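Here's model-v2.txt, which has compact mmCIF, C-alpha atoms:
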# COMPACT_ATOMS: atom_id res chain seq x y z
CA MET A 1 -8.13 25.25 -103.32
CA ALA A 2 -9.64 23.82 -100.19
CA ASP A 3 -7.51 23.16 -97.19
CA SER A 4 -6.51 19.52 -97.02
CA PRO A 5 -6.72 17.84 -93.67
CA ILE A 6 -3.47 17.44 -91.78
CA LEU A 7 -2.64 13.86 -91.04
CA VAL A 8 -1.20 13.34 -87.62
CA GLU A 9 0.41 10.06 -86.67
CA THR A 10 -0.76 8.76 -83.38
CA ALA A 11 0.70 6.03 -81.24
CA PRO A 12 -1.16 2.73 -81.19
CA PRO A 13 -3.53 2.40 -78.26
CA VAL A 14 -2.13 0.84 -75.13
CA ARG A 15 -3.89 -2.43 -74.46
CA SER A 16 -5.25 -3.01 -71.03
CA ILE A 17 -5.33 -6.37 -69.33
CA THR A 18 -8.18 -8.40 -70.76
CA PRO A 19 -10.22 -10.81 -68.63
CA THR A 20 -8.70 -13.75 -70.50
CA MET A 21 -5.19 -12.48 -69.78
CA LEU A 22 -6.06 -11.98 -66.14
CA ILE A 23 -7.37 -15.55 -65.84
CA ALA A 24 -4.22 -16.88 -67.52
CA LEU A 25 -1.99 -14.88 -65.17
CA VAL A 26 -3.88 -16.16 -62.12
CA ILE A 27 -3.55 -19.77 -63.32
CA LEU A 28 0.15 -19.34 -64.10
CA GLY A 29 0.79 -17.61 -60.78
CA GLY A 30 -1.04 -20.35 -58.89
CA TRP A 31 0.97 -22.98 -60.71
CA LEU A 32 4.27 -21.24 -59.90
CA VAL A 33 3.34 -20.87 -56.22
CA THR A 34 2.30 -24.53 -56.13
CA ALA A 35 5.57 -25.67 -57.70
CA LEU A 36 7.71 -23.55 -55.40
CA THR A 37 5.86 -24.46 -52.19
CA ALA A 38 5.02 -28.11 -52.92
CA SER A 39 6.97 -29.39 -49.92
CA ALA A 40 5.00 -27.11 -47.57
CA ILE A 41 1.59 -27.79 -49.16
CA ALA A 42 1.79 -31.56 -49.68
CA PRO A 43 0.10 -33.47 -46.87
CA TYR A 44 2.27 -36.58 -47.39
CA ASP A 45 5.67 -37.54 -48.68
CA PRO A 46 5.12 -38.23 -52.40
CA ASP A 47 7.30 -41.35 -52.29
CA ALA A 48 6.05 -42.79 -48.99
CA ILE A 49 4.58 -46.26 -49.50
CA ASP A 50 1.56 -47.24 -47.41
CA ILE A 51 0.42 -50.77 -48.27
CA MET A 52 -2.59 -50.43 -45.99
CA ASN A 53 -4.05 -47.73 -48.26
CA MET A 54 -3.39 -49.16 -51.72
CA LEU A 55 -5.82 -47.88 -54.40
CA SER A 56 -7.90 -45.95 -51.89
CA PRO A 57 -10.60 -43.75 -53.42
CA PRO A 58 -10.57 -39.98 -52.87
CA SER A 59 -11.33 -39.10 -49.26
CA ALA A 60 -10.69 -36.41 -46.67
CA ALA A 61 -7.31 -37.99 -45.90
CA HIS A 62 -6.28 -38.51 -49.54
CA TRP A 63 -7.96 -35.91 -51.76
CA PHE A 64 -7.05 -37.64 -55.05
CA GLY A 65 -6.87 -41.13 -53.58
CA THR A 66 -3.81 -43.39 -53.56
CA ASP A 67 -2.00 -45.40 -56.22
CA GLN A 68 -1.06 -49.10 -56.48
CA VAL A 69 1.45 -48.94 -53.62
CA GLY A 70 -0.44 -46.51 -51.40
CA ARG A 71 1.29 -43.25 -52.32
CA ASP A 72 -0.83 -40.12 -52.02
CA VAL A 73 -1.72 -38.98 -55.55
CA PHE A 74 -2.37 -35.35 -54.54
CA SER A 75 1.13 -35.03 -53.06
CA ARG A 76 2.62 -36.60 -56.17
CA VAL A 77 0.75 -34.13 -58.40
CA LEU A 78 2.04 -31.19 -56.35
CA PHE A 79 5.64 -32.36 -56.64
CA ALA A 80 5.20 -33.17 -60.34
CA SER A 81 4.43 -29.49 -60.97
CA ARG A 82 8.13 -28.82 -60.35
CA VAL A 83 9.12 -31.15 -63.17
CA ASP A 84 6.47 -29.60 -65.41
CA LEU A 85 7.83 -26.13 -64.70
CA LEU A 86 11.36 -27.29 -65.46
CA LEU A 87 10.23 -28.84 -68.74
CA CYS A 88 8.41 -25.65 -69.73
CA VAL A 89 11.52 -23.56 -69.33
CA VAL A 90 14.13 -26.05 -70.54
CA GLY A 91 11.90 -27.31 -73.33
CA VAL A 92 11.62 -23.83 -74.84
CA LEU A 93 14.86 -21.94 -74.16
CA PRO A 94 17.47 -24.25 -75.79
CA PRO A 95 15.41 -24.78 -78.98
CA LEU A 96 14.77 -21.02 -79.08
CA LEU A 97 18.47 -20.20 -78.83
CA ILE A 98 19.55 -22.86 -81.32
CA GLY A 99 16.76 -22.11 -83.79
CA THR A 100 17.32 -18.38 -83.63
CA THR A 101 21.04 -18.81 -84.20
CA ILE A 102 20.55 -21.17 -87.14
CA GLY A 103 17.88 -18.91 -88.64
CA LEU A 104 20.11 -15.84 -88.32
CA LEU A 105 23.10 -17.57 -89.88
CA SER A 106 21.04 -19.12 -92.65
CA GLY A 107 19.23 -15.94 -93.59
CA TYR A 108 22.23 -13.65 -93.31
CA PHE A 109 24.87 -15.69 -95.14
CA GLY A 110 22.59 -17.48 -97.63
CA GLY A 111 24.24 -19.68 -100.25
CA VAL A 112 25.81 -22.88 -98.99
CA VAL A 113 25.11 -22.09 -95.33
CA ASP A 114 21.42 -21.58 -96.07
CA THR A 115 21.25 -24.72 -98.20
CA VAL A 116 22.87 -26.92 -95.55
CA PHE A 117 20.73 -25.60 -92.68
CA MET A 118 17.50 -25.79 -94.67
CA ARG A 119 18.21 -29.39 -95.75
CA ILE A 120 18.70 -30.28 -92.07
CA TYR A 121 15.44 -28.45 -91.43
CA ASP A 122 13.68 -30.45 -94.18
CA LEU A 123 15.02 -33.70 -92.78
CA THR A 124 13.76 -32.81 -89.30
CA VAL A 125 10.25 -31.76 -90.35
CA ALA A 126 9.85 -34.81 -92.59
CA PHE A 127 8.89 -36.76 -89.46
CA PRO A 128 6.05 -35.98 -87.07
CA PHE A 129 7.32 -34.05 -84.05
CA PHE A 130 6.41 -36.51 -81.30
CA VAL A 131 7.41 -39.57 -83.32
CA LEU A 132 10.88 -38.12 -83.81
CA VAL A 133 11.15 -37.14 -80.13
CA LEU A 134 10.16 -40.69 -79.11
CA ALA A 135 12.65 -42.19 -81.55
CA ILE A 136 15.48 -40.04 -80.17
CA VAL A 137 14.54 -40.92 -76.58
CA GLY A 138 14.41 -44.58 -77.63
CA VAL A 139 17.96 -44.34 -78.96
CA LEU A 140 19.36 -42.29 -76.05
CA GLY A 141 17.47 -44.17 -73.33
CA PRO A 142 14.94 -43.09 -70.73
CA GLY A 143 15.44 -40.12 -68.47
CA LEU A 144 14.54 -36.48 -68.13
CA LEU A 145 17.85 -35.22 -69.54
CA ASN A 146 17.48 -37.37 -72.66
CA PHE A 147 13.90 -36.15 -73.11
CA ILE A 148 15.06 -32.53 -72.89
CA LEU A 149 17.83 -33.25 -75.39
CA ALA A 150 15.32 -34.83 -77.78
CA LEU A 151 13.00 -31.82 -77.47
CA THR A 152 15.93 -29.54 -78.24
CA LEU A 153 17.03 -31.56 -81.28
CA VAL A 154 13.53 -31.44 -82.77
CA GLY A 155 12.08 -28.18 -81.44
CA TRP A 156 14.52 -25.73 -83.00
CA VAL A 157 13.04 -25.98 -86.50
CA SER A 158 10.05 -23.66 -86.08
CA TYR A 159 12.22 -20.90 -84.63
CA ALA A 160 14.86 -21.30 -87.34
CA ARG A 161 12.40 -21.05 -90.20
CA LEU A 162 10.67 -17.99 -88.74
CA VAL A 163 13.89 -16.11 -87.97
CA ARG A 164 15.35 -17.02 -91.39
CA ALA A 165 12.29 -15.59 -93.13
CA GLN A 166 12.51 -12.35 -91.14
CA VAL A 167 16.22 -11.98 -91.83
CA LEU A 168 15.68 -12.58 -95.55
CA THR A 169 12.93 -9.94 -95.56
CA ILE A 170 15.15 -7.37 -93.86
CA ARG A 171 18.21 -8.24 -95.92

Let me see the file written as structure tokens.
Amino acid sequence: MADSPILVETAPPVRSITPTMLIALVILGGWLVTALTASAIAPYDPDAIDIMNMLSPPSAAHWFGTDQVGRDVFSRVLFASRVDLLLCVVGVLPPLLIGTTIGLLSGYFGGVVDTVFMRIYDLTVAFPFFVLVLAIVGVLGPGLLNFILALTLVGWVSYARLVRAQVLTIR
């Protein structure tokens, strides 16, 4: 009988940083630095009104031009990156925590718990995501906090369904 080859398990190869990943990290890093240092970088106060420069085109003084009341658009964009960064973090973490918790409970306990949570899930996904977010904001009123709350109330569903499926597979 011929010797059979010995199978040796090897660890998966360690992936190196790809050019696409490097570009993404540079963009993300630049965005973070911009958000954190906006007050030092911005050439003008983002809320300063200058009626002498209303709707000015881009120039050396105002790189992106000015708006209807003469505010520097470039400075406003720099300061808006802070709000964007906040929305990225707060728009993902609460839905992640809520969805993961609901998915774990639903998949682990099953039965009535699973039925109740999955009917709430079905009710939530019956509407388009942004339409439901806009409807919730319309009911709660304008504001960043209400927008974050609406994102949380609608965004948990994808996490819940994924975690539930994994728990059911393991169970």

Mind checking which residues fall within 12 Å of Ala80 in chain A, counting all atoms listed in the file, ignoring those fewer than 6 positions away in the same chain, and posting them as a list in words?
->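 In the requested format, the answer is Trp31, Leu32, Thr34, Ala35, Leu36, Thr37, Ala38, Ser39, Ala42, Pro46, Asp47, Val73, Phe74, Leu86 and Leu87 of chain A.
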
Just how far from CA of Leu144 in chain A is CA of Val83 in chain A, in Å to one decimal?
-> 9.1 Å

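With CA of Phe109 in chain A on one side and CA of Asp122 in chain A on the other, the separation reads 18.5 Å.
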
Residues within 7 Å of range 92-99 of chain A, all atoms listed in the file, excluding chain neighbours under 5 positions, as a ChimeraX atom specification = /A:152,155-157,159-160

Interatomic distance between CA of Asn146 in chain A and CA of Val90 in chain A?
->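 Computing it gives 12.0 Å between the two atoms.
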
Where is the centre and how long are the edges: axis-aligned box on range 138-152 of chain A, 5 Å on each side, Å to one decimal, as JSON:
{"center_x": 16.2, "center_y": -37.1, "center_z": -73.5, "size_x": 16.4, "size_y": 25.0, "size_z": 20.8}

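Nearest to Ile41 in chain A of all the residues A:Ile17, A:Val77, A:Ile27, A:Leu55 is A:Val77, based on all atoms listed in the file.
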
Nearest to Leu153 in chain A among A:Leu123, A:Gly111, A:Thr18, A:Val167, with distances taken over only C-alpha atoms: which residue is it?
->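 Distance minimum relative to Leu153 in chain A lands on A:Leu123.
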
With a distance cut-off of 6 Å and all atoms listed in the file, select the neighbouring residues of Met54 in chain A, excluding the residue or stretch itself and same-chain residues fewer than 4 positions from it, and output the selection as a PyMOL selection string.
-> chain A and resi 68-70

Expected file: the selected residues, C-alpha atoms, as a compact mmCIF listing (two decimals), in the coordinates of the input:
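part28.txt, written as the output of this step:
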# COMPACT_ATOMS: atom_id res chain seq x y z
CA GLN A 68 -1.06 -49.10 -56.48
CA VAL A 69 1.45 -48.94 -53.62
CA GLY A 70 -0.44 -46.51 -51.40

Find the spatial neighbours of Met118 in chain A, counting all atoms listed in the file, within a cut-off of 10 Å - ignore same-chain residues fewer than 6 positions away - and output them as number ranges by chain.
-> A: 102-103, 106, 112, 124, 157, 160-161, 164

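Among the candidate residues A:Tyr108, A:Pro142, A:Val33, A:Val154, the one lying nearest to Phe130 in chain A is A:Val154, with distances computed using only C-alpha atoms.
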
Output range 117-139 of chain A as a CSV table (one decimal), keeping the file's coordinate frame, making sure N, CA, C and O atoms are there.
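The resulting file, rebuild_15.csv, is reproduced below:
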chain,number,residue,atom,x,y,z
A,117,PHE,N,21.7,-25.7,-93.8
A,117,PHE,CA,20.7,-25.6,-92.7
A,117,PHE,C,19.3,-25.9,-93.1
A,117,PHE,O,18.6,-26.6,-92.4
A,118,MET,N,18.9,-25.5,-94.3
A,118,MET,CA,17.5,-25.8,-94.7
A,118,MET,C,17.3,-27.3,-95.1
A,118,MET,O,16.2,-27.8,-94.9
A,119,ARG,N,18.3,-27.9,-95.5
A,119,ARG,CA,18.2,-29.4,-95.8
A,119,ARG,C,18.1,-30.1,-94.4
A,119,ARG,O,17.4,-31.1,-94.3
A,120,ILE,N,18.8,-29.7,-93.4
A,120,ILE,CA,18.7,-30.3,-92.1
A,120,ILE,C,17.3,-30.0,-91.6
A,120,ILE,O,16.7,-30.9,-91.0
A,121,TYR,N,16.8,-28.8,-91.8
A,121,TYR,CA,15.4,-28.4,-91.4
A,121,TYR,C,14.4,-29.4,-92.1
A,121,TYR,O,13.5,-29.9,-91.5
A,122,ASP,N,14.6,-29.6,-93.4
A,122,ASP,CA,13.7,-30.4,-94.2
A,122,ASP,C,13.7,-31.9,-93.7
A,122,ASP,O,12.7,-32.5,-93.6
A,123,LEU,N,14.9,-32.3,-93.3
A,123,LEU,CA,15.0,-33.7,-92.8
A,123,LEU,C,14.3,-33.8,-91.4
A,123,LEU,O,13.7,-34.8,-91.2
A,124,THR,N,14.4,-32.8,-90.6
A,124,THR,CA,13.8,-32.8,-89.3
A,124,THR,C,12.2,-32.7,-89.4
A,124,THR,O,11.5,-33.5,-88.7
A,125,VAL,N,11.7,-31.9,-90.3
A,125,VAL,CA,10.2,-31.8,-90.4
A,125,VAL,C,9.6,-32.8,-91.2
A,125,VAL,O,8.4,-32.9,-91.3
A,126,ALA,N,10.4,-33.7,-91.8
A,126,ALA,CA,9.8,-34.8,-92.6
A,126,ALA,C,9.2,-35.8,-91.7
A,126,ALA,O,8.3,-36.6,-92.2
A,127,PHE,N,9.5,-35.8,-90.4
A,127,PHE,CA,8.9,-36.8,-89.5
A,127,PHE,C,8.0,-36.0,-88.5
A,127,PHE,O,8.2,-34.9,-88.2
A,128,PRO,N,6.9,-36.6,-88.1
A,128,PRO,CA,6.0,-36.0,-87.1
A,128,PRO,C,6.9,-35.7,-85.8
A,128,PRO,O,7.7,-36.5,-85.4
A,129,PHE,N,6.6,-34.6,-85.2
A,129,PHE,CA,7.3,-34.0,-84.0
A,129,PHE,C,7.5,-35.1,-82.9
A,129,PHE,O,8.6,-35.4,-82.5
A,130,PHE,N,6.4,-35.6,-82.4
A,130,PHE,CA,6.4,-36.5,-81.3
A,130,PHE,C,7.0,-37.9,-81.7
A,130,PHE,O,7.7,-38.5,-80.8
A,131,VAL,N,6.8,-38.3,-82.9
A,131,VAL,CA,7.4,-39.6,-83.3
A,131,VAL,C,8.9,-39.4,-83.3
A,131,VAL,O,9.6,-40.3,-82.9
A,132,LEU,N,9.4,-38.3,-83.8
A,132,LEU,CA,10.9,-38.1,-83.8
A,132,LEU,C,11.4,-38.0,-82.4
A,132,LEU,O,12.5,-38.5,-82.1
A,133,VAL,N,10.7,-37.3,-81.5
A,133,VAL,CA,11.2,-37.1,-80.1
A,133,VAL,C,11.2,-38.5,-79.5
A,133,VAL,O,12.2,-38.9,-78.8
A,134,LEU,N,10.2,-39.3,-79.7
A,134,LEU,CA,10.2,-40.7,-79.1
A,134,LEU,C,11.3,-41.6,-79.7
A,134,LEU,O,11.9,-42.3,-78.9
A,135,ALA,N,11.6,-41.4,-81.0
A,135,ALA,CA,12.6,-42.2,-81.6
A,135,ALA,C,14.0,-41.8,-80.9
A,135,ALA,O,14.8,-42.7,-80.6
A,136,ILE,N,14.2,-40.5,-80.8
A,136,ILE,CA,15.5,-40.0,-80.2
A,136,ILE,C,15.6,-40.5,-78.7
A,136,ILE,O,16.7,-41.0,-78.3
A,137,VAL,N,14.5,-40.4,-78.0
A,137,VAL,CA,14.5,-40.9,-76.6
A,137,VAL,C,14.8,-42.4,-76.6
A,137,VAL,O,15.5,-43.0,-75.7
A,138,GLY,N,14.2,-43.1,-77.5
A,138,GLY,CA,14.4,-44.6,-77.6
A,138,GLY,C,15.9,-44.9,-77.9
A,138,GLY,O,16.4,-45.9,-77.4
A,139,VAL,N,16.5,-44.1,-78.7
A,139,VAL,CA,18.0,-44.3,-79.0
A,139,VAL,C,18.8,-43.9,-77.8
A,139,VAL,O,19.7,-44.7,-77.4
